[in-house]
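Contents: one structure, followed by commentary.
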Amino acid sequence: MKLNDNVKMAFSDLNKRKLRTALTSFGIAIGATLVIVMAGLGQGIQTITNNQMKNMDRFREITVKPQQDLGKGNTKDKKIDQDMLNKFKAINGVSGVSASIDTTATEVKIDNKVGKKVNIQGNNLNFNIVMDAEKNQLKGNKDKVKKYGDKFVIAGNSLKQGYNDFVLVGQGYLNKIGLKDYKSAVGKDIEIKVSFPKMQGMPEKQPLVIKAKVAGAVNRAYNSGRNVIITSDETSAKIQEYYMETKNYLQTKGYDSVTVEAKTMEDVSKVNSKIKKLGYVTIASESYATQMNSMLVIFKVLLTAAGIIVLLVASIGVINTMSMAVHEKTKSIGIMKAQGASRKNIRSMFVVQSGSLGLVGSVAGTVIALVGSAIANKIIVANKIGGIEEGMTLIDIRVSTVIFTIIFTVVVAMVAGLVPAGKAAKLNPVESLRFE
């Protein structure tokens, strides 16, 4: 018996028992729907998360520590100086480098406004003060841009090479000391005082006073626009020399905060490896992105597995339906065997009928999944549920998922039909003809 004959007979028998076929197919359809929707949900969440991570340009940044990895968790200090910064910048795939000496000042005075403790970020002015990645990430935050704008320096000018007597003051710190009109601070004299607290029994040390001018105000939407004053590396080195009672801090210690920015996410791993080969300890956010993606893949697999379990449970209905079909066609089986049909022919006939049930159920489930997902996606976007906006698809059903589900469902149904099909093939033709 040819395959097309089996298929015609299968659909003819299924059509004769519409209610039973409908109920069994419905159970299979529910399972197929869940497989497709669950896989689509997992895919959608993974795609949205990955896209958001790609938009988070900060993942392109690599933090370089002034340390050498000795293995087994051991490190030792390894200076990062101007020459090494040039080597970082020359690495293929690097878009920018930022280096600073970070310290603190005790008191700041602008006109008659006095502020207490503030962080000092002493940048090497030959390199970036702010990275493009941070700028791009801010631009992607519509609420912050609407509130603060996206410019780094919102009044005055940025610092350039040779601007050792100028500073940038964070908008947040200006507000803190009472200078709400940050534009008025530009061009004013600023006095930065560094001192040790008085301690009984210890000789008092004269404070270090650094005088400069305010070149500009930094947008508080940026990290360095809060409780921060940006100076040249030479100025912050003087402060560190005061604290540590040493000389030539910049030449002997180098930079303690260095960030290297890769041009693309794909360049991060390559750049990170090259910096490590230069002997430095690094922290690359790209590893977090990889870990997150692995977790999302596991999540997608678990969701798909939940749907597959329901589909496997639905296959029990196929066994029951085909067992009933064998029982009802016992006499017909006897006639076919009397006319020369082999066990293989009988078995194939019922296996194909089982597969036909799976096909009908999977196609119905696919239609339900596609229509239901389309409606759900529109409702989710319209109401911005979970932050899902226009252009995002929470339930992302791929063609490959649909094809896999249909094939898998048909195979499961055929496997489920093997038991009753085997029973039918073993029936004695003489006893089958006597069956009423």
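Residue names in the structure tokens use chain letters A, B, ... in the order shown, residue numbers from 1 in each chain, and ligand numbers from 1 in the order shown.
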Fill in: In stretch 163-213 of chain A, DSSP strand (DSSP E) residues written as a PyMOL selection string
chain A and resi 166-170+189-194+208-213
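Across the model, the gap from atom CA of A:Val363 to atom CA of A:Arg347 is 24.3 Å.
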Worksheet item: Residues at most 10 Å from stretch 159-161 of chain A, counting only C-alpha atoms, excluding those fewer than 3 positions away in the same chain, as number ranges by chain?
Response: A: 123-129, 153, 156, 164-168, 214-216, 230-232
Worksheet item: Expressed in Å to a single decimal, how great is the separation between atom CA of A:Gln137 and atom CA of A:Asp81?
Response: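 Atom CA of A:Gln137 sits 28.6 Å away from atom CA of A:Asp81.
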Practice prompt. If you run DSSP over the backbone, which residues in stretch 109-258 of chain A end up helix (DSSP H, G or I)? Put them as a ChimeraX atom specification.
Written response: /A:132-139,142-148,171-176,182-185,223-225,233-244,249-253
Practice prompt. For A:Ile275, work out the shell of residues within 12 Å, counting only C-alpha atoms and skipping chain neighbours fewer than 6 positions away, then give it as number ranges by chain.
Written response: A: 62-69, 80, 84-85, 87-94, 258-262, 268-269, 281-284
Contacts of stretch 22-37 of chain A at 10 Å or less, counting only C-alpha atoms, minus same-chain residues fewer than 4 places along, as a PDB file with C-alpha atoms, in the first residue's frame?
```
ATOM      1  CA  LEU A  14     -10.733  10.776  10.725  1.00  0.00           C
ATOM      2  CA  ASN A  15     -13.547  12.526   8.839  1.00  0.00           C
ATOM      3  CA  ARG A  17     -15.330  10.279  13.471  1.00  0.00           C
ATOM      4  CA  LYS A  18     -15.444  14.080  13.592  1.00  0.00           C
ATOM      5  CA  LEU A  41       8.210  34.291  24.408  1.00  0.00           C
ATOM      6  CA  GLY A  42      11.692  33.062  25.263  1.00  0.00           C
ATOM      7  CA  GLN A  43      13.008  34.277  21.895  1.00  0.00           C
ATOM      8  CA  LEU A 303       9.781  27.570  28.477  1.00  0.00           C
ATOM      9  CA  THR A 304       9.880  25.409  25.338  1.00  0.00           C
ATOM     10  CA  ALA A 305      10.282  22.268  27.460  1.00  0.00           C
ATOM     11  CA  ALA A 306       7.123  23.179  29.411  1.00  0.00           C
ATOM     12  CA  GLY A 307       5.161  23.255  26.147  1.00  0.00           C
ATOM     13  CA  ILE A 308       6.710  19.973  24.986  1.00  0.00           C
ATOM     14  CA  ILE A 309       5.626  18.263  28.223  1.00  0.00           C
ATOM     15  CA  VAL A 310       2.022  19.343  27.560  1.00  0.00           C
ATOM     16  CA  LEU A 311       2.368  18.009  24.005  1.00  0.00           C
ATOM     17  CA  LEU A 312       3.629  14.667  25.276  1.00  0.00           C
ATOM     18  CA  VAL A 313       0.676  14.433  27.657  1.00  0.00           C
ATOM     19  CA  ALA A 314      -1.635  15.149  24.694  1.00  0.00           C
ATOM     20  CA  SER A 315      -0.077  12.188  22.870  1.00  0.00           C
ATOM     21  CA  ILE A 316      -1.848   9.910  25.357  1.00  0.00           C
ATOM     22  CA  GLY A 317      -5.067  10.983  23.661  1.00  0.00           C
ATOM     23  CA  VAL A 318      -3.611   9.773  20.345  1.00  0.00           C
ATOM     24  CA  ILE A 319      -3.006   6.325  21.860  1.00  0.00           C
ATOM     25  CA  ASN A 320      -6.605   6.145  23.103  1.00  0.00           C
ATOM     26  CA  THR A 321      -8.038   7.366  19.795  1.00  0.00           C
ATOM     27  CA  SER A 356      -2.369  12.764  10.388  1.00  0.00           C
ATOM     28  CA  LEU A 357      -3.927  13.496  13.770  1.00  0.00           C
ATOM     29  CA  GLY A 358      -0.662  15.158  14.811  1.00  0.00           C
ATOM     30  CA  LEU A 359      -0.557  17.188  11.595  1.00  0.00           C
ATOM     31  CA  VAL A 360      -4.126  18.446  11.999  1.00  0.00           C
ATOM     32  CA  GLY A 361      -3.500  19.307  15.652  1.00  0.00           C
ATOM     33  CA  SER A 362      -0.143  21.037  15.013  1.00  0.00           C
ATOM     34  CA  VAL A 363      -1.509  23.121  12.132  1.00  0.00           C
ATOM     35  CA  ALA A 364      -4.483  24.178  14.280  1.00  0.00           C
ATOM     36  CA  GLY A 365      -2.103  24.954  17.150  1.00  0.00           C
ATOM     37  CA  THR A 366       0.116  27.016  14.835  1.00  0.00           C
ATOM     38  CA  VAL A 367      -2.850  29.124  13.696  1.00  0.00           C
ATOM     39  CA  ILE A 368      -3.967  29.667  17.297  1.00  0.00           C
ATOM     40  CA  ALA A 369      -0.409  30.582  18.365  1.00  0.00           C
ATOM     41  CA  LEU A 370       0.161  33.040  15.487  1.00  0.00           C
ATOM     42  CA  GLY A 372      -3.089  34.849  19.640  1.00  0.00           C
ATOM     43  CA  SER A 373       0.513  36.111  19.719  1.00  0.00           C
ATOM     44  CA  ILE A 395       6.344  36.940  21.620  1.00  0.00           C
ATOM     45  CA  ASP A 396       8.729  36.533  18.693  1.00  0.00           C
ATOM     46  CA  ILE A 397       7.660  33.439  16.722  1.00  0.00           C
ATOM     47  CA  ARG A 398      10.221  32.337  14.154  1.00  0.00           C
ATOM     48  CA  THR A 401      10.021  27.298  15.542  1.00  0.00           C
ATOM     49  CA  VAL A 402       6.795  26.643  13.632  1.00  0.00           C
ATOM     50  CA  ILE A 403       8.424  24.072  11.321  1.00  0.00           C
ATOM     51  CA  PHE A 404      10.106  22.325  14.263  1.00  0.00           C
ATOM     52  CA  THR A 405       6.830  22.183  16.215  1.00  0.00           C
ATOM     53  CA  ILE A 406       4.835  20.742  13.325  1.00  0.00           C
ATOM     54  CA  PHE A 408       7.960  17.263  16.255  1.00  0.00           C
ATOM     55  CA  THR A 409       4.201  16.998  16.858  1.00  0.00           C
ATOM     56  CA  VAL A 410       3.710  14.685  13.880  1.00  0.00           C
ATOM     57  CA  VAL A 412       5.263  12.348  18.626  1.00  0.00           C
ATOM     58  CA  ALA A 413       1.809  11.399  17.331  1.00  0.00           C
TER      59      ALA A 413
END
```
Once you count only C-alpha atoms, what closest atom pair and distance in Å to one decimal does each residue of stretch 140-193 of chain A within 7 Å of stretch 103-108 of chain A have, with rows by chain and rising residue number, as CSV?
```
residue,atom,partner,partner_atom,distance
A:Glu191,CA,A:Val108,CA,5.7
A:Ile192,CA,A:Val108,CA,4.7
A:Lys193,CA,A:Glu107,CA,5.1
```
Worksheet item: A:Gly391: which residues within 12 Å, counting only C-alpha atoms, same-chain residues fewer than 4 positions away excluded, as a PyMOL selection string?
Response: chain A and resi 44+47-48+51+377-378+380-382+384+387+396
Discussion item. What's the separation between atom CA of A:Gly187 and atom CA of A:Gln240, in Å to one decimal place?
Written reply: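 Between atom CA of A:Gly187 and atom CA of A:Gln240 the gap works out to 25.9 Å.
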Worksheet entry | A:Val186 surroundings by only C-alpha atoms, 12 Å radius, close-in-sequence under 2 positions cut, as JSON, numbers by chain | {"A": [110, 111, 153, 154, 155, 156, 157, 158, 166, 167, 168, 169, 170, 171, 174, 179, 181, 182, 183, 184, 188, 189, 190, 212, 213, 214, 215, 216, 217, 218]}
